[in-house]
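Listing of data-v2.csv; format and content: CSV, C-alpha atoms and all ligand atoms.
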chain,number,residue,atom,x,y,z
D,784,PRO,CA,31.0,0.8,40.1
D,785,ASP,CA,29.6,-0.3,36.8
D,786,THR,CA,29.9,-4.0,37.9
D,787,ALA,CA,27.8,-5.9,40.4
D,788,ILE,CA,28.5,-9.3,41.8
D,789,ILE,CA,25.6,-11.4,43.0
D,790,VAL,CA,26.8,-14.0,45.5
D,791,VAL,CA,24.2,-16.7,45.8
D,792,ALA,CA,24.3,-18.3,49.2
D,793,ALA,CA,20.7,-19.3,49.8
D,794,GLY,CA,21.1,-23.1,49.3
D,795,SER,CA,20.6,-25.5,52.1
D,796,GLY,CA,23.6,-27.7,51.5
D,797,THR,CA,21.8,-31.0,51.4
D,798,ARG,CA,24.8,-32.9,50.1
D,799,LEU,CA,27.2,-31.3,52.5
D,800,ASP,CA,24.8,-32.3,55.3
D,801,ALA,CA,26.6,-30.2,57.9
D,802,GLY,CA,23.7,-29.2,60.1
D,803,ALA,CA,23.5,-25.6,58.9
D,804,PRO,CA,22.9,-23.9,55.5
D,805,LYS,CA,26.1,-24.5,53.5
D,806,ALA,CA,27.2,-20.8,53.4
D,807,PHE,CA,27.6,-20.6,57.2
D,808,VAL,CA,29.6,-23.8,57.6
D,809,GLY,CA,33.2,-23.1,58.7
D,810,ILE,CA,36.2,-24.0,56.6
D,811,ASP,CA,38.7,-22.8,59.2
D,812,SER,CA,37.6,-20.1,61.6
D,813,HIS,CA,35.8,-18.4,58.7
D,814,SER,CA,32.6,-19.6,57.0
D,815,ILE,CA,32.3,-20.6,53.3
D,816,LEU,CA,30.4,-17.3,52.7
D,817,ARG,CA,33.1,-15.2,54.5
D,818,HIS,CA,35.8,-16.8,52.3
D,819,ALA,CA,33.8,-16.2,49.2
D,820,LEU,CA,33.2,-12.6,50.1
D,821,ASP,CA,36.9,-12.0,51.0
D,822,GLY,CA,37.7,-13.1,47.4
D,823,VAL,CA,35.0,-10.8,46.0
D,824,PHE,CA,36.2,-7.8,47.9
D,825,ALA,CA,39.8,-8.5,46.9
D,826,ALA,CA,38.8,-8.1,43.3
D,827,SER,CA,38.2,-4.7,41.6
D,828,PRO,CA,35.5,-2.6,43.3
D,829,ALA,CA,32.0,-3.8,42.6
D,830,GLN,CA,28.5,-3.6,44.0
D,831,VAL,CA,28.0,-6.9,46.0
D,832,ILE,CA,24.6,-8.5,46.5
D,833,VAL,CA,24.5,-11.4,49.0
D,834,VAL,CA,21.5,-13.7,48.5
D,835,ALA,CA,20.9,-15.4,51.8
D,836,PRO,CA,18.6,-18.2,53.0
D,837,ALA,CA,15.3,-17.0,54.6
D,838,GLY,CA,16.0,-16.4,58.3
D,839,PHE,CA,19.7,-16.0,57.8
D,840,GLU,CA,19.8,-12.5,56.5
D,841,GLY,CA,21.3,-11.1,59.7
D,842,ASP,CA,24.1,-13.7,59.6
D,843,ALA,CA,24.8,-12.9,56.0
D,844,GLU,CA,25.0,-9.2,56.9
D,845,THR,CA,27.6,-9.9,59.6
D,846,GLU,CA,29.7,-11.8,57.1
D,847,LEU,CA,29.3,-9.0,54.6
D,848,ARG,CA,30.4,-6.3,57.0
D,849,ALA,CA,33.4,-8.4,58.1
D,850,ALA,CA,34.6,-8.9,54.5
D,851,ALA,CA,33.7,-5.5,53.2
D,852,GLY,CA,35.5,-3.3,55.8
D,853,ASP,CA,35.2,0.3,54.7
D,854,ARG,CA,33.4,-0.7,51.4
D,855,VAL,CA,30.3,-1.8,53.3
D,856,ASP,CA,28.2,0.7,51.3
D,857,LEU,CA,28.8,-1.4,48.2
D,858,GLY,CA,27.0,-4.4,49.8
D,859,ARG,CA,23.5,-5.4,50.4
D,860,VAL,CA,21.8,-8.7,51.6
D,861,VAL,CA,18.5,-10.0,50.1
D,862,THR,CA,16.5,-13.2,50.7
D,863,GLY,CA,16.8,-16.1,48.2
D,864,GLY,CA,14.3,-18.4,46.7
D,865,ASP,CA,13.8,-22.2,46.6
D,866,THR,CA,15.8,-22.7,43.4
D,867,ARG,CA,19.2,-21.2,42.5
D,868,GLN,CA,17.5,-19.4,39.5
D,869,ARG,CA,15.0,-17.8,41.9
D,870,SER,CA,17.9,-16.7,44.2
D,871,VAL,CA,19.7,-15.1,41.3
D,872,ALA,CA,16.5,-13.4,40.2
D,873,ALA,CA,16.1,-11.9,43.7
D,874,GLY,CA,19.7,-10.6,43.4
D,875,LEU,CA,19.0,-9.0,40.1
D,876,ASP,CA,15.9,-7.3,41.6
D,877,ALA,CA,18.2,-5.7,44.2
D,878,LEU,CA,20.7,-4.0,41.9
D,879,TRP,CA,20.8,-0.3,42.2
D,880,GLY,CA,22.6,2.5,40.3
D,881,ASP,CA,24.2,2.4,36.9
D,882,VAL,CA,25.5,-1.1,36.8
D,883,THR,CA,26.0,-2.4,33.3
D,884,ARG,CA,27.7,-5.7,34.0
D,885,VAL,CA,26.6,-8.5,36.3
D,886,LEU,CA,28.6,-11.4,37.6
D,887,VAL,CA,26.8,-14.3,39.3
D,888,HIS,CA,29.0,-16.2,41.8
D,889,ASP,CA,28.3,-19.3,43.9
D,890,ALA,CA,29.3,-18.7,47.6
D,891,ALA,CA,30.1,-22.4,47.5
D,892,ARG,CA,33.1,-21.7,45.3
D,893,ALA,CA,34.6,-20.1,48.3
D,894,LEU,CA,38.3,-20.1,47.3
D,895,THR,CA,37.9,-18.7,43.8
D,896,PRO,CA,40.9,-16.4,43.2
D,897,PRO,CA,40.1,-12.6,42.8
D,898,GLU,CA,42.1,-12.8,39.5
D,899,VAL,CA,39.4,-15.1,38.0
D,900,ILE,CA,36.7,-12.6,39.1
D,901,ASP,CA,38.5,-9.7,37.4
D,902,ALA,CA,39.2,-11.7,34.3
D,903,VAL,CA,35.6,-12.6,33.9
D,904,ALA,CA,34.5,-9.0,34.4
D,905,ALA,CA,37.0,-7.7,31.9
D,906,ALA,CA,35.9,-10.2,29.2
D,907,VAL,CA,32.2,-9.3,29.3
D,908,ASP,CA,31.0,-7.0,26.5
D,909,GLU,CA,27.6,-5.6,25.7
D,910,ALA,CA,26.6,-8.8,23.7
D,911,THR,CA,28.6,-11.6,25.3
D,912,GLY,CA,28.4,-13.7,28.4
D,913,VAL,CA,31.7,-15.1,29.9
D,914,ILE,CA,32.3,-18.2,32.0
D,915,PRO,CA,35.4,-19.6,33.6
D,916,THR,CA,36.0,-23.3,32.7
D,917,LEU,CA,38.4,-26.1,33.3
D,918,PRO,CA,39.2,-29.0,30.9
D,919,VAL,CA,37.5,-32.3,31.8
D,920,ILE,CA,40.0,-34.7,33.1
D,921,ASP,CA,38.0,-37.9,33.7
D,922,THR,CA,37.3,-40.4,30.9
D,923,LEU,CA,33.6,-40.1,30.3
D,924,LYS,CA,31.1,-42.7,29.0
D,925,ARG,CA,27.6,-42.5,27.7
D,926,VAL,CA,25.5,-45.0,29.6
D,927,ASP,CA,22.0,-46.5,29.6
D,928,GLY,CA,21.2,-48.3,32.8
D,929,ASP,CA,24.2,-50.6,33.4
D,930,ALA,CA,25.2,-50.7,29.8
D,931,VAL,CA,28.1,-48.6,28.6
D,932,VAL,CA,26.8,-47.2,25.3
D,933,GLY,CA,29.8,-45.4,24.0
D,934,PRO,CA,32.7,-43.0,24.5
D,935,ILE,CA,32.6,-39.3,24.8
D,936,ASP,CA,35.1,-37.0,23.2
D,937,ARG,CA,36.5,-35.0,26.2
D,938,SER,CA,38.0,-32.3,23.9
D,939,GLU,CA,34.5,-31.1,23.2
D,940,LEU,CA,33.7,-30.7,26.9
D,941,ALA,CA,34.5,-28.2,29.6
D,942,ALA,CA,33.6,-28.0,33.3
D,943,ALA,CA,31.9,-24.7,34.1
D,944,GLN,CA,32.7,-22.6,37.2
D,945,THR,CA,31.6,-19.2,38.5
D,946,PRO,CA,31.6,-16.2,38.5
D,947,GLN,CA,29.7,-16.1,35.2
D,948,GLY,CA,29.5,-12.6,33.8
D,949,PHE,CA,26.9,-10.9,31.6
D,950,PRO,CA,25.8,-7.6,30.2
D,951,ARG,CA,23.1,-6.5,32.7
D,952,ALA,CA,20.3,-5.6,30.2
D,953,LEU,CA,20.5,-8.9,28.3
D,954,LEU,CA,20.8,-11.0,31.5
D,955,GLU,CA,17.7,-9.3,32.9
D,956,SER,CA,15.7,-9.9,29.8
D,957,ALA,CA,16.9,-13.5,29.7
D,958,TYR,CA,15.7,-14.0,33.3
D,959,GLU,CA,12.3,-12.5,32.3
D,960,ALA,CA,12.1,-15.0,29.4
D,961,ALA,CA,13.0,-18.0,31.6
D,962,LEU,CA,10.3,-16.8,34.1
D,963,THR,CA,7.7,-16.5,31.3
D,964,ALA,CA,8.7,-19.9,29.8
D,965,GLY,CA,8.6,-21.5,33.3
D,966,VAL,CA,12.1,-23.1,32.7
D,967,ASP,CA,14.4,-23.6,35.6
D,968,HIS,CA,18.1,-23.5,34.6
D,969,THR,CA,20.9,-24.6,37.1
D,970,ASP,CA,23.4,-22.3,35.4
D,971,ASP,CA,23.2,-18.7,34.3
D,972,ALA,CA,25.1,-19.3,31.0
D,973,ALA,CA,22.5,-21.9,30.0
D,974,LEU,CA,19.7,-19.4,30.7
D,975,PHE,CA,21.6,-16.7,28.8
D,976,ALA,CA,22.3,-19.0,25.8
D,977,ALA,CA,18.6,-20.1,25.8
D,978,ALA,CA,17.7,-16.5,25.1
D,979,GLY,CA,19.8,-16.6,22.0
D,980,HIS,CA,23.0,-14.9,23.3
D,981,ARG,CA,26.6,-15.8,22.9
D,982,VAL,CA,28.8,-17.2,25.7
D,983,ARG,CA,32.6,-17.4,25.7
D,984,GLN,CA,34.9,-19.3,28.0
D,985,ILE,CA,38.0,-18.2,29.7
D,986,ALA,CA,40.5,-20.1,31.9
D,987,GLY,CA,39.1,-21.0,35.3
D,988,SER,CA,41.1,-22.1,38.3
D,989,ALA,CA,41.4,-25.4,40.3
D,990,ARG,CA,40.8,-23.2,43.4
D,991,GLY,CA,37.4,-22.4,42.0
D,992,PHE,CA,35.9,-25.8,42.7
D,993,LYS,CA,32.5,-26.0,44.3
D,994,ILE,CA,32.2,-27.2,47.9
D,995,THR,CA,29.4,-29.7,47.5
D,996,THR,CA,30.3,-32.8,49.6
D,997,PRO,CA,32.1,-33.4,52.9
D,998,ALA,CA,35.2,-34.4,50.8
D,999,ASP,CA,35.1,-31.0,49.1
D,1000,LEU,CA,35.1,-29.3,52.4
D,1001,GLU,CA,38.1,-31.3,53.5
D,1002,ARG,CA,39.9,-30.3,50.2
D,1003,ALA,CA,39.2,-26.6,51.0
D,1004,ARG,CA,40.5,-27.1,54.6
D,1005,HIS,CA,43.7,-28.6,53.2
D,1006,MET,CA,44.2,-25.8,50.7
D,1007,LEU,CA,43.9,-23.2,53.4
D,1008,ALA,CA,46.2,-25.1,55.8
D,1009,ALA,CA,48.8,-25.3,53.0
D,1010,VAL,CA,48.9,-21.5,52.4
D,1011,SER,CA,49.2,-20.7,56.2
D,1012,GLU,CA,52.1,-23.2,56.8
G,1,LIG,N1,21.8,-21.5,45.8
G,1,LIG,C1,20.9,-20.5,46.2
G,1,LIG,N2,19.6,-20.7,46.3
G,1,LIG,C2,19.1,-21.9,46.1
G,1,LIG,C3,19.9,-23.0,45.8
G,1,LIG,C4,21.3,-22.8,45.6
G,1,LIG,O1,21.4,-19.4,46.4
G,1,LIG,N3,17.8,-22.1,46.2
G,1,LIG,C5,23.2,-21.3,45.8
G,1,LIG,C6,24.0,-22.1,46.9
G,1,LIG,O2,24.0,-21.4,48.1
G,1,LIG,C7,25.4,-22.2,46.3
G,1,LIG,C8,25.1,-22.2,44.8
G,1,LIG,O3,23.8,-21.8,44.6
G,1,LIG,O4,26.3,-21.2,46.6
G,1,LIG,C9,25.3,-23.6,44.1
G,1,LIG,O5,24.4,-24.5,44.6
G,1,LIG,P1,24.7,-25.9,45.3
G,1,LIG,O6,26.2,-26.1,45.4
G,1,LIG,O7,23.8,-26.9,44.8
G,1,LIG,O8,24.3,-25.5,46.9
G,1,LIG,P2,23.1,-26.1,47.7
G,1,LIG,O9,21.9,-26.1,46.8
G,1,LIG,O10,23.1,-25.4,49.0
G,1,LIG,O11,23.6,-27.6,48.0
G,1,LIG,P3,22.7,-28.9,47.7
G,1,LIG,O12,22.3,-28.9,46.3
G,1,LIG,O13,23.6,-30.0,48.1
G,1,LIG,O14,21.5,-28.8,48.7
G,2,MG,MG,21.7,-27.3,45.0
Rendering of file as structure tokens:
Amino acid sequence: PDTAIIVVAAGSGTRLDAGAPKAFVGIDSHSILRHALDGVFAASPAQVIVVAPAGFEGDAETELRAAAGDRVDLGRVVTGGDTRQRSVAAGLDALWGDVTRVLVHDAARALTPPEVIDAVAAAVDEATGVIPTLPVIDTLKRVDGDAVVGPIDRSELAAAQTPQGFPRALLESAYEAALTAGVDHTDDAALFAAAGHRVRQIAGSARGFKITTPADLERARHMLAAVSE
């Protein structure tokens, strides 16, 4: 395949606080990582790099095998770093073959529809990054301590999701540049834009929300229960 999907799963899940690294916490009988990989393997064929927490590479391999079925040759597990950016960089280092397009996906967005993954991949071209977004629904305020300083125009804002897709060569050079500059970005689109490249948005999905807190895990459980009823 000319597309690779780097699934970053190396975080500890501090805010979820479930007693295990977040990727290995169960939603139903399957873990967050397994659900994320089921979505990835339901999309068009791609090379899949799973970035696992140190010490959990074997567990990640088990989930990869279960999700990949007979496509297991397309998958590989590597060890992550102590920031998300370092984990993505480890994934980039593990690419092989003639991949020209890279998608970076949070394992924590476990219920992302395969259609969103394919739509992001299809919208990437040799110069442009692509991110799925949702409109911002909440009324937002600019604040300073306890003072409400002013309104924010929601129409200028969007909430970013993953997978975020990029032309491989430009993403790799943008990662080099961030490493040299010593900057730590929380999002690949910000890192890519900081290197001077263009990023476009396409429509994301409500199912692409990130499991961050215990309430998010409950939401994911309800969504899965609703489809199996
Ligand atoms: N991630 C990673 N390596 C890190 C940090 C995060 O691969 N050093 C991944 C997580 O596994 C997750 C995604 O990046 O799939 C988004 O991160 P986040 O939701 O913040 O997950 P955690 O960092 O695990 O959670 P927390 O911040 O609550 O500890
Ligand atoms: Mg985090």
May I have a table of the residues of chain D lying at most 8 Å from ligand MG 2 (chain G), giving each one's closest pair of atoms and their distance in Å to one decimal, counting all atoms listed in the file, ordered by chain and ascending residue number, as CSV?
residue,atom,partner,partner_atom,distance
D:Gly794,CA,G:MG2,MG,6.0
D:Ser795,CA,G:MG2,MG,7.4
D:Gly796,CA,G:MG2,MG,6.8
D:Thr797,CA,G:MG2,MG,7.4
D:Thr866,CA,G:MG2,MG,7.7
D:Arg867,CA,G:MG2,MG,7.1
Taking only C-alpha atoms and all ligand atoms into account, produce a table as a tab-separated table in which each residue of chain D with an atom at most 7 Å from an atom of ligand LIG 1 (chain G) appears once, together with its shortest atom pair and the distance in Å to one decimal, ordered by chain and rising number.
residue	atom	partner	partner_atom	distance
D:Val791	CA	G:LIG1	O1	3.9
D:Ala792	CA	G:LIG1	O2	3.3
D:Ala793	CA	G:LIG1	O1	3.5
D:Gly794	CA	G:LIG1	O10	3.1
D:Ser795	CA	G:LIG1	O10	4.0
D:Gly796	CA	G:LIG1	O10	3.4
D:Thr797	CA	G:LIG1	O14	3.5
D:Arg798	CA	G:LIG1	O13	3.7
D:Leu799	CA	G:LIG1	O13	5.8
D:Pro804	CA	G:LIG1	O10	6.7
D:Lys805	CA	G:LIG1	O10	5.5
D:Ala806	CA	G:LIG1	O2	6.2
D:Val834	CA	G:LIG1	O1	6.1
D:Ala835	CA	G:LIG1	O1	6.7
D:Gly863	CA	G:LIG1	N2	5.7
D:Gly864	CA	G:LIG1	N3	5.1
D:Asp865	CA	G:LIG1	N3	4.0
D:Thr866	CA	G:LIG1	N3	3.5
D:Arg867	CA	G:LIG1	C2	3.7
D:Arg869	CA	G:LIG1	N3	6.7
D:Ser870	CA	G:LIG1	N2	4.8
D:Val871	CA	G:LIG1	O1	6.9
D:Asp889	CA	G:LIG1	O4	3.9
D:Ala890	CA	G:LIG1	O4	4.0
D:Ala891	CA	G:LIG1	O4	4.1
D:Arg892	CA	G:LIG1	O4	6.9
D:Lys993	CA	G:LIG1	O6	6.4
D:Ile994	CA	G:LIG1	O6	6.6
D:Thr995	CA	G:LIG1	O6	5.3
Practice problem: Please identify all polymer residues within 9 Å of Gly991 of chain D, counting all atoms listed in the file, omitting same-chain residues fewer than 3 positions from it, and present them as a PyMOL selection string. | Solution: chain D and resi 892-896+899+944-945+987-988
Quiz item: Counting only C-alpha atoms, what is within 10 Å of Pro784 of chain D, bar same-chain residues fewer than 3 positions away, as number ranges by chain?
Solution: D: 787, 827-830, 857, 880-884
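The residue that comes closest to Leu917 of chain D, out of D:Ala905, D:Ala941, D:Ala877, D:Leu954 and on the basis of all atoms listed in the file, is D:Ala941.
For the pair atom CA of Arg983 of chain D and atom CA of Val907 of chain D, the interatomic distance is 8.9 Å.
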Self-check item: Point-to-point distance from atom CA of His980 of chain D to atom CA of Ser956 of chain D, Å rounded to tenths
Solution: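 Distance between the two atoms: 11.0 Å.
The space separating atom CA of Ile920 of chain D from atom CA of Asp821 of chain D comes to 29.1 Å.
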Exercise. Name the residues in contact with Gln984 of chain D at a cut-off of 12 Å, using all atoms listed in the file, excluding same-chain residues fewer than 2 positions from it; report them as a list of chain:residue names.
Key: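 Using all atoms listed in the file, the neighbours found are D:Val899, D:Ala902, D:Val903, D:Ala906, D:Val907, D:Thr911, D:Gly912, D:Val913, D:Ile914, D:Pro915, D:Thr916, D:Leu917, D:Pro918, D:Leu940, D:Ala941, D:Ala942, D:Ala943, D:Gln944, D:Thr945, D:Pro946, D:Gln947, D:Gly948, D:Ala972, D:Arg981, D:Val982, D:Ala986, D:Gly987.
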Exercise. Name the residues in contact with segment 921-927 of chain D at a cut-off of 9 Å, using only C-alpha atoms, excluding same-chain residues fewer than 6 positions from it; report them as a ChimeraX atom specification.
Key: /D:933-937
Quiz item: Quick one: of D:Phe807, D:Ala801, D:Arg990, D:Asp876, who's nearest to Asp842 of chain D, counting all atoms listed in the file?
Solution: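 Using all atoms listed in the file, the shortest distance to Asp842 of chain D belongs to D:Phe807.
Closest to Phe975 of chain D among D:Phe949, D:Leu962, D:Asp999, D:Phe839 is D:Phe949, based on all atoms listed in the file.
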Quiz item: Residues at most 10 Å from Leu820 of chain D, counting all atoms listed in the file, excluding those fewer than 4 positions away in the same chain, as a PyMOL selection string?
Solution: chain D and resi 790+814-816+824-826+831+833+846-851+888+890+893-895
Exercise. Counting only C-alpha atoms, find the residues whose atoms lie at most 6 Å from (25.6, -9.9, 40.0) (file coordinates) and write them out as a list in words.
Key: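 It turns out the residues near that spot are Ala787, Ile788, Ile789, Val885, Leu886 and Val887 of chain D.
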Quiz prompt | Pick from D:Ala989, D:Val919, D:Ala873, D:Ile832, whichever lies nearest to Arg1002 of chain D using all atoms listed in the file | solution =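 With all atoms listed in the file as the atom set, the closest residue is D:Ala989.
Distances here use all atoms listed in the file; by that measure, the residue among D:Ala957, D:Ala1003, D:Val932, D:Ala1009 closest to His818 of chain D is D:Ala1003.
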